[in-house]
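Containing PDB, C-alpha atoms, pLDDT in the B column: final.pdb.
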```pdb
ATOM      1  CA  MET W   1     -56.299  70.608 -49.148  1.00 62.00           C
ATOM      2  CA  ASN W   2     -59.238  68.314 -48.766  1.00 62.00           C
ATOM      3  CA  ALA W   3     -62.922  69.248 -48.473  1.00 62.00           C
ATOM      4  CA  ASN W   4     -62.602  69.848 -44.686  1.00 68.00           C
ATOM      5  CA  ASN W   5     -59.843  72.466 -45.185  1.00 72.00           C
ATOM      6  CA  GLN W   6     -57.305  70.070 -43.720  1.00 85.00           C
ATOM      7  CA  ARG W   7     -54.075  69.122 -45.446  1.00 90.00           C
ATOM      8  CA  ASP W   8     -53.631  65.665 -46.841  1.00 93.00           C
ATOM      9  CA  PRO W   9     -50.493  64.070 -45.397  1.00 92.00           C
ATOM     10  CA  MET W  10     -47.407  64.256 -47.597  1.00 92.00           C
ATOM     11  CA  PRO W  11     -46.185  60.956 -49.035  1.00 92.00           C
ATOM     12  CA  ASP W  12     -43.651  59.301 -46.761  1.00 90.00           C
ATOM     13  CA  GLU W  13     -40.493  57.357 -47.572  1.00 88.00           C
ATOM     14  CA  THR W  14     -42.513  54.196 -48.301  1.00 92.00           C
ATOM     15  CA  ALA W  15     -44.472  55.852 -51.150  1.00 92.00           C
ATOM     16  CA  ASP W  16     -43.613  54.806 -54.678  1.00 92.00           C
ATOM     17  CA  ILE W  17     -42.747  57.356 -57.338  1.00 94.00           C
ATOM     18  CA  GLU W  18     -46.226  57.296 -58.890  1.00 93.00           C
ATOM     19  CA  GLU W  19     -47.839  58.176 -55.558  1.00 93.00           C
ATOM     20  CA  ILE W  20     -45.406  61.039 -55.067  1.00 93.00           C
ATOM     21  CA  ILE W  21     -45.996  62.374 -58.578  1.00 94.00           C
ATOM     22  CA  THR W  22     -49.775  62.168 -58.195  1.00 94.00           C
ATOM     23  CA  PHE W  23     -49.626  63.914 -54.824  1.00 95.00           C
ATOM     24  CA  TRP W  24     -47.513  66.853 -56.033  1.00 95.00           C
ATOM     25  CA  ASP W  25     -49.511  67.154 -59.252  1.00 95.00           C
ATOM     26  CA  THR W  26     -52.570  67.863 -57.108  1.00 94.00           C
ATOM     27  CA  HIS W  27     -51.062  69.753 -54.150  1.00 94.00           C
ATOM     28  CA  SER W  28     -49.037  72.941 -53.712  1.00 93.00           C
ATOM     29  CA  ALA W  29     -45.660  72.841 -51.967  1.00 92.00           C
ATOM     30  CA  ALA W  30     -46.564  76.256 -50.522  1.00 93.00           C
ATOM     31  CA  ASP W  31     -49.179  74.534 -48.368  1.00 93.00           C
ATOM     32  CA  TYR W  32     -46.497  72.273 -46.845  1.00 93.00           C
ATOM     33  CA  ASP W  33     -43.671  74.774 -46.284  1.00 92.00           C
ATOM     34  CA  ASP W  34     -43.755  74.147 -42.528  1.00 92.00           C
ATOM     35  CA  GLU W  35     -42.996  70.445 -43.137  1.00 90.00           C
ATOM     36  CA  MET W  36     -40.125  71.019 -45.550  1.00 89.00           C
ATOM     37  CA  GLU W  37     -36.481  70.714 -44.535  1.00 88.00           C
ATOM     38  CA  ASP W  38     -33.627  72.840 -45.859  1.00 90.00           C
ATOM     39  CA  VAL W  39     -31.088  70.811 -47.782  1.00 91.00           C
ATOM     40  CA  LEU W  40     -27.526  71.905 -48.478  1.00 93.00           C
ATOM     41  CA  PHE W  41     -25.579  70.515 -51.406  1.00 90.00           C
ATOM     42  CA  GLU W  42     -22.683  71.492 -53.626  1.00 90.00           C
ATOM     43  CA  VAL W  43     -22.734  71.633 -57.398  1.00 87.00           C
ATOM     44  CA  ASP W  44     -19.462  71.135 -59.225  1.00 85.00           C
ATOM     45  CA  ILE W  45     -19.934  71.865 -62.921  1.00 84.00           C
ATOM     46  CA  GLN W  46     -16.902  70.693 -64.877  1.00 83.00           C
ATOM     47  CA  GLU W  47     -17.996  71.602 -68.398  1.00 79.00           C
ATOM     48  CA  GLU W  48     -17.185  74.973 -69.921  1.00 83.00           C
ATOM     49  CA  ILE W  49     -19.034  76.384 -72.891  1.00 84.00           C
ATOM     50  CA  PHE W  50     -17.353  78.699 -75.350  1.00 87.00           C
ATOM     51  CA  VAL W  51     -19.367  80.907 -77.671  1.00 91.00           C
ATOM     52  CA  VAL W  52     -17.938  81.677 -81.105  1.00 91.00           C
ATOM     53  CA  ARG W  53     -19.758  83.993 -83.491  1.00 94.00           C
ATOM     54  CA  LEU W  54     -20.125  82.725 -87.040  1.00 93.00           C
ATOM     55  CA  VAL W  55     -21.082  84.510 -90.200  1.00 95.00           C
ATOM     56  CA  PRO W  56     -24.736  83.466 -90.765  1.00 95.00           C
ATOM     57  CA  GLU W  57     -23.981  81.999 -94.203  1.00 96.00           C
ATOM     58  CA  LEU W  58     -21.189  79.848 -92.747  1.00 96.00           C
ATOM     59  CA  ALA W  59     -23.464  78.665 -89.933  1.00 95.00           C
ATOM     60  CA  ASP W  60     -26.036  77.611 -92.547  1.00 96.00           C
ATOM     61  CA  VAL W  61     -23.460  75.632 -94.543  1.00 97.00           C
ATOM     62  CA  ILE W  62     -22.133  73.898 -91.418  1.00 96.00           C
ATOM     63  CA  GLY W  63     -25.685  73.155 -90.256  1.00 96.00           C
ATOM     64  CA  ARG W  64     -26.544  71.507 -93.583  1.00 97.00           C
ATOM     65  CA  LYS W  65     -23.342  69.438 -93.579  1.00 97.00           C
ATOM     66  CA  ALA W  66     -24.005  68.309 -90.002  1.00 96.00           C
ATOM     67  CA  LYS W  67     -27.571  67.327 -90.848  1.00 96.00           C
ATOM     68  CA  ALA W  68     -26.367  65.356 -93.876  1.00 97.00           C
ATOM     69  CA  ARG W  69     -23.970  63.444 -91.609  1.00 95.00           C
ATOM     70  CA  GLY W  70     -26.648  62.872 -88.967  1.00 95.00           C
ATOM     71  CA  VAL W  71     -24.841  64.783 -86.219  1.00 94.00           C
ATOM     72  CA  SER W  72     -25.442  68.060 -84.458  1.00 94.00           C
ATOM     73  CA  THR W  73     -23.768  71.226 -85.679  1.00 94.00           C
ATOM     74  CA  GLU W  74     -21.907  71.404 -82.368  1.00 92.00           C
ATOM     75  CA  THR W  75     -20.507  67.875 -82.809  1.00 92.00           C
ATOM     76  CA  LEU W  76     -19.374  68.546 -86.371  1.00 94.00           C
ATOM     77  CA  VAL W  77     -17.677  71.825 -85.426  1.00 93.00           C
ATOM     78  CA  ASN W  78     -15.898  70.100 -82.518  1.00 90.00           C
ATOM     79  CA  LEU W  79     -14.747  67.264 -84.795  1.00 91.00           C
ATOM     80  CA  TRP W  80     -13.433  69.681 -87.409  1.00 93.00           C
ATOM     81  CA  LEU W  81     -11.649  71.848 -84.849  1.00 91.00           C
ATOM     82  CA  ALA W  82     -10.072  68.808 -83.166  1.00 90.00           C
ATOM     83  CA  GLU W  83      -8.911  67.597 -86.588  1.00 90.00           C
ATOM     84  CA  LYS W  84      -7.468  70.973 -87.523  1.00 90.00           C
ATOM     85  CA  ALA W  85      -5.771  71.389 -84.154  1.00 89.00           C
ATOM     86  CA  GLY W  86      -4.371  67.857 -84.252  1.00 86.00           C
ATOM     87  CA  ALA W  87      -5.999  67.214 -80.919  1.00 79.00           C
ATOM     88  CA  ALA W  88      -7.272  63.869 -79.708  1.00 76.00           C
ATOM     89  CA  VAL W  89     -10.229  64.994 -77.651  1.00 68.00           C
ATOM     90  CA  PRO W  90     -13.371  63.068 -76.767  1.00 67.00           C
ATOM     91  CA  ILE W  91     -16.376  64.463 -78.641  1.00 64.00           C
ATOM     92  CA  SER W  92     -19.802  63.737 -77.224  1.00 59.00           C
TER
END
```
Encoding of this model in structure tokens:
Amino acid sequence: MNANNQRDPMPDETADIEEIITFWDTHSAADYDDEMEDVLFEVDIQEEIFVVRLVPELADVIGRKAKARGVSTETLVNLWLAEKAGAAVPIS
């Protein structure tokens, strides 16, 4: 809100990203709820995450080996499991 208790206009579609960022850094979306539109969208998450419990000492060893190779523990574990399983899977 400005000094006269009136709302500043929201940035329009011609505003650049810096203007939009500056505006929302200094204004509350709650003050503009009546100007907001509902948006519907679908999210399709393809990735699954599997949790495997490790003995803490084993996790430490794997973590050190991963660090020495310059990769994350997750990447090293996936590489080792793919190797052991004889699977050709993309590791990211």
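Atom pair CA of Asp60 in chain W / CA of Ala88 in chain W: separated by 26.6 Å.
Checking W:Val77, W:Val52, W:Ala59, W:Asp31 one by one against Asn5 in chain W, counting only C-alpha atoms, you find the shortest gap at W:Asp31.
With the shown file loaded, the PyMOL selection byres ((chain W and resi 76) around 12) picks out Ala59, Val61, Ile62, Gly63, Arg64, Lys65, Ala66, Lys67, Ala68, Arg69, Gly70, Val71, Ser72, Thr73, Glu74, Thr75, Val77, Asn78, Leu79, Trp80, Leu81, Ala82, Glu83, Ile91 and Ser92 of chain W.
Selection check: the PyMOL selection byres ((chain W and resi 23) around 12) on the shown file gives Met1, Arg7, Asp8, Pro9, Met10, Pro11, Asp12, Ala15, Asp16, Ile17, Glu18, Glu19, Ile20, Ile21, Thr22, Trp24, Asp25, Thr26, His27, Ser28, Ala29 and Tyr32 of chain W.
Here CA of Ala30 in chain W is placed at a distance of 25.2 Å from CA of Val43 in chain W.
Atom pair CA of Glu13 in chain W / CA of Phe41 in chain W: separated by 20.3 Å.
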Extract range 25-62 of chain W from the preceding block and save N, CA and C atoms as a PDB file, in the first residue's frame.
```pdb
ATOM      1  N   ASP W  25       8.471  -8.275  -3.657  1.00  0.00           N
ATOM      2  CA  ASP W  25       9.335  -8.173  -2.479  1.00  0.00           C
ATOM      3  C   ASP W  25       8.837  -7.100  -1.517  1.00  0.00           C
ATOM      4  N   THR W  26       8.063  -6.161  -2.034  1.00  0.00           N
ATOM      5  CA  THR W  26       7.622  -5.021  -1.220  1.00  0.00           C
ATOM      6  C   THR W  26       6.107  -4.963  -1.031  1.00  0.00           C
ATOM      7  N   HIS W  27       5.391  -5.949  -1.524  1.00  0.00           N
ATOM      8  CA  HIS W  27       3.929  -5.981  -1.402  1.00  0.00           C
ATOM      9  C   HIS W  27       3.480  -7.369  -0.961  1.00  0.00           C
ATOM     10  N   SER W  28       2.314  -7.440  -0.346  1.00  0.00           N
ATOM     11  CA  SER W  28       1.756  -8.713   0.103  1.00  0.00           C
ATOM     12  C   SER W  28       0.685  -9.182  -0.878  1.00  0.00           C
ATOM     13  N   ALA W  29       0.762 -10.450  -1.267  1.00  0.00           N
ATOM     14  CA  ALA W  29      -0.259 -11.019  -2.151  1.00  0.00           C
ATOM     15  C   ALA W  29      -1.631 -10.985  -1.488  1.00  0.00           C
ATOM     16  N   ALA W  30      -1.670 -10.993  -0.161  1.00  0.00           N
ATOM     17  CA  ALA W  30      -2.951 -10.934   0.554  1.00  0.00           C
ATOM     18  C   ALA W  30      -3.712  -9.646   0.249  1.00  0.00           C
ATOM     19  N   ASP W  31      -2.973  -8.581  -0.058  1.00  0.00           N
ATOM     20  CA  ASP W  31      -3.623  -7.311  -0.378  1.00  0.00           C
ATOM     21  C   ASP W  31      -4.214  -7.301  -1.783  1.00  0.00           C
ATOM     22  N   TYR W  32      -3.911  -8.303  -2.591  1.00  0.00           N
ATOM     23  CA  TYR W  32      -4.337  -8.330  -3.995  1.00  0.00           C
ATOM     24  C   TYR W  32      -5.165  -9.571  -4.313  1.00  0.00           C
ATOM     25  N   ASP W  33      -5.667 -10.238  -3.283  1.00  0.00           N
ATOM     26  CA  ASP W  33      -6.429 -11.476  -3.463  1.00  0.00           C
ATOM     27  C   ASP W  33      -7.600 -11.286  -4.424  1.00  0.00           C
ATOM     28  N   ASP W  34      -8.250 -10.131  -4.370  1.00  0.00           N
ATOM     29  CA  ASP W  34      -9.405  -9.892  -5.233  1.00  0.00           C
ATOM     30  C   ASP W  34      -9.023  -9.755  -6.704  1.00  0.00           C
ATOM     31  N   GLU W  35      -7.748  -9.568  -7.008  1.00  0.00           N
ATOM     32  CA  GLU W  35      -7.289  -9.463  -8.392  1.00  0.00           C
ATOM     33  C   GLU W  35      -6.655 -10.753  -8.909  1.00  0.00           C
ATOM     34  N   MET W  36      -6.535 -11.737  -8.040  1.00  0.00           N
ATOM     35  CA  MET W  36      -5.902 -12.995  -8.426  1.00  0.00           C
ATOM     36  C   MET W  36      -6.904 -13.905  -9.112  1.00  0.00           C
ATOM     37  N   GLU W  37      -6.399 -14.736 -10.024  1.00  0.00           N
ATOM     38  CA  GLU W  37      -7.227 -15.713 -10.719  1.00  0.00           C
ATOM     39  C   GLU W  37      -6.821 -17.117 -10.278  1.00  0.00           C
ATOM     40  N   ASP W  38      -7.805 -18.006 -10.136  1.00  0.00           N
ATOM     41  CA  ASP W  38      -7.505 -19.400  -9.855  1.00  0.00           C
ATOM     42  C   ASP W  38      -6.901 -20.027 -11.102  1.00  0.00           C
ATOM     43  N   VAL W  39      -5.939 -20.878 -10.908  1.00  0.00           N
ATOM     44  CA  VAL W  39      -5.295 -21.561 -12.025  1.00  0.00           C
ATOM     45  C   VAL W  39      -5.306 -23.046 -11.731  1.00  0.00           C
ATOM     46  N   LEU W  40      -5.741 -23.837 -12.691  1.00  0.00           N
ATOM     47  CA  LEU W  40      -5.757 -25.286 -12.548  1.00  0.00           C
ATOM     48  C   LEU W  40      -4.631 -25.869 -13.387  1.00  0.00           C
ATOM     49  N   PHE W  41      -3.914 -26.822 -12.828  1.00  0.00           N
ATOM     50  CA  PHE W  41      -2.870 -27.501 -13.574  1.00  0.00           C
ATOM     51  C   PHE W  41      -2.673 -28.884 -12.988  1.00  0.00           C
ATOM     52  N   GLU W  42      -2.106 -29.772 -13.803  1.00  0.00           N
ATOM     53  CA  GLU W  42      -1.842 -31.130 -13.356  1.00  0.00           C
ATOM     54  C   GLU W  42      -0.347 -31.302 -13.145  1.00  0.00           C
ATOM     55  N   VAL W  43      -0.004 -32.102 -12.172  1.00  0.00           N
ATOM     56  CA  VAL W  43       1.394 -32.432 -11.915  1.00  0.00           C
ATOM     57  C   VAL W  43       1.531 -33.934 -12.098  1.00  0.00           C
ATOM     58  N   ASP W  44       2.465 -34.321 -12.949  1.00  0.00           N
ATOM     59  CA  ASP W  44       2.700 -35.734 -13.210  1.00  0.00           C
ATOM     60  C   ASP W  44       4.142 -36.050 -12.823  1.00  0.00           C
ATOM     61  N   ILE W  45       4.332 -36.540 -11.618  1.00  0.00           N
ATOM     62  CA  ILE W  45       5.666 -36.850 -11.118  1.00  0.00           C
ATOM     63  C   ILE W  45       5.997 -38.284 -11.512  1.00  0.00           C
ATOM     64  N   GLN W  46       7.044 -38.441 -12.294  1.00  0.00           N
ATOM     65  CA  GLN W  46       7.432 -39.753 -12.807  1.00  0.00           C
ATOM     66  C   GLN W  46       8.430 -40.472 -11.906  1.00  0.00           C
ATOM     67  N   GLU W  47       9.179 -39.739 -11.122  1.00  0.00           N
ATOM     68  CA  GLU W  47      10.261 -40.329 -10.341  1.00  0.00           C
ATOM     69  C   GLU W  47       9.732 -40.924  -9.041  1.00  0.00           C
ATOM     70  N   GLU W  48      10.222 -42.112  -8.721  1.00  0.00           N
ATOM     71  CA  GLU W  48       9.909 -42.742  -7.443  1.00  0.00           C
ATOM     72  C   GLU W  48      11.172 -42.748  -6.599  1.00  0.00           C
ATOM     73  N   ILE W  49      11.017 -42.607  -5.323  1.00  0.00           N
ATOM     74  CA  ILE W  49      12.146 -42.647  -4.408  1.00  0.00           C
ATOM     75  C   ILE W  49      11.951 -43.833  -3.477  1.00  0.00           C
ATOM     76  N   PHE W  50      13.000 -44.613  -3.330  1.00  0.00           N
ATOM     77  CA  PHE W  50      12.958 -45.769  -2.452  1.00  0.00           C
ATOM     78  C   PHE W  50      13.919 -45.526  -1.295  1.00  0.00           C
ATOM     79  N   VAL W  51      13.463 -45.782  -0.101  1.00  0.00           N
ATOM     80  CA  VAL W  51      14.288 -45.587   1.086  1.00  0.00           C
ATOM     81  C   VAL W  51      14.781 -46.948   1.560  1.00  0.00           C
ATOM     82  N   VAL W  52      16.093 -47.054   1.746  1.00  0.00           N
ATOM     83  CA  VAL W  52      16.705 -48.282   2.236  1.00  0.00           C
ATOM     84  C   VAL W  52      17.518 -47.919   3.469  1.00  0.00           C
ATOM     85  N   ARG W  53      17.267 -48.594   4.562  1.00  0.00           N
ATOM     86  CA  ARG W  53      18.010 -48.331   5.795  1.00  0.00           C
ATOM     87  C   ARG W  53      19.366 -49.003   5.737  1.00  0.00           C
ATOM     88  N   LEU W  54      20.392 -48.249   6.116  1.00  0.00           N
ATOM     89  CA  LEU W  54      21.752 -48.786   6.158  1.00  0.00           C
ATOM     90  C   LEU W  54      22.266 -48.762   7.587  1.00  0.00           C
ATOM     91  N   VAL W  55      23.131 -49.694   7.880  1.00  0.00           N
ATOM     92  CA  VAL W  55      23.841 -49.665   9.150  1.00  0.00           C
ATOM     93  C   VAL W  55      24.679 -48.381   9.130  1.00  0.00           C
ATOM     94  N   PRO W  56      24.673 -47.592  10.199  1.00  0.00           N
ATOM     95  CA  PRO W  56      25.396 -46.310  10.192  1.00  0.00           C
ATOM     96  C   PRO W  56      26.856 -46.421   9.770  1.00  0.00           C
ATOM     97  N   GLU W  57      27.546 -47.475  10.209  1.00  0.00           N
ATOM     98  CA  GLU W  57      28.954 -47.634   9.833  1.00  0.00           C
ATOM     99  C   GLU W  57      29.108 -47.841   8.321  1.00  0.00           C
ATOM    100  N   LEU W  58      28.192 -48.586   7.725  1.00  0.00           N
ATOM    101  CA  LEU W  58      28.230 -48.812   6.279  1.00  0.00           C
ATOM    102  C   LEU W  58      27.941 -47.508   5.526  1.00  0.00           C
ATOM    103  N   ALA W  59      26.997 -46.739   6.019  1.00  0.00           N
ATOM    104  CA  ALA W  59      26.679 -45.448   5.399  1.00  0.00           C
ATOM    105  C   ALA W  59      27.896 -44.526   5.432  1.00  0.00           C
ATOM    106  N   ASP W  60      28.640 -44.553   6.530  1.00  0.00           N
ATOM    107  CA  ASP W  60      29.856 -43.736   6.639  1.00  0.00           C
ATOM    108  C   ASP W  60      30.892 -44.151   5.602  1.00  0.00           C
ATOM    109  N   VAL W  61      31.113 -45.465   5.478  1.00  0.00           N
ATOM    110  CA  VAL W  61      32.101 -45.972   4.518  1.00  0.00           C
ATOM    111  C   VAL W  61      31.700 -45.570   3.094  1.00  0.00           C
ATOM    112  N   ILE W  62      30.437 -45.781   2.751  1.00  0.00           N
ATOM    113  CA  ILE W  62      29.961 -45.445   1.408  1.00  0.00           C
ATOM    114  C   ILE W  62      30.082 -43.936   1.173  1.00  0.00           C
TER     115      ILE W  62
END
```
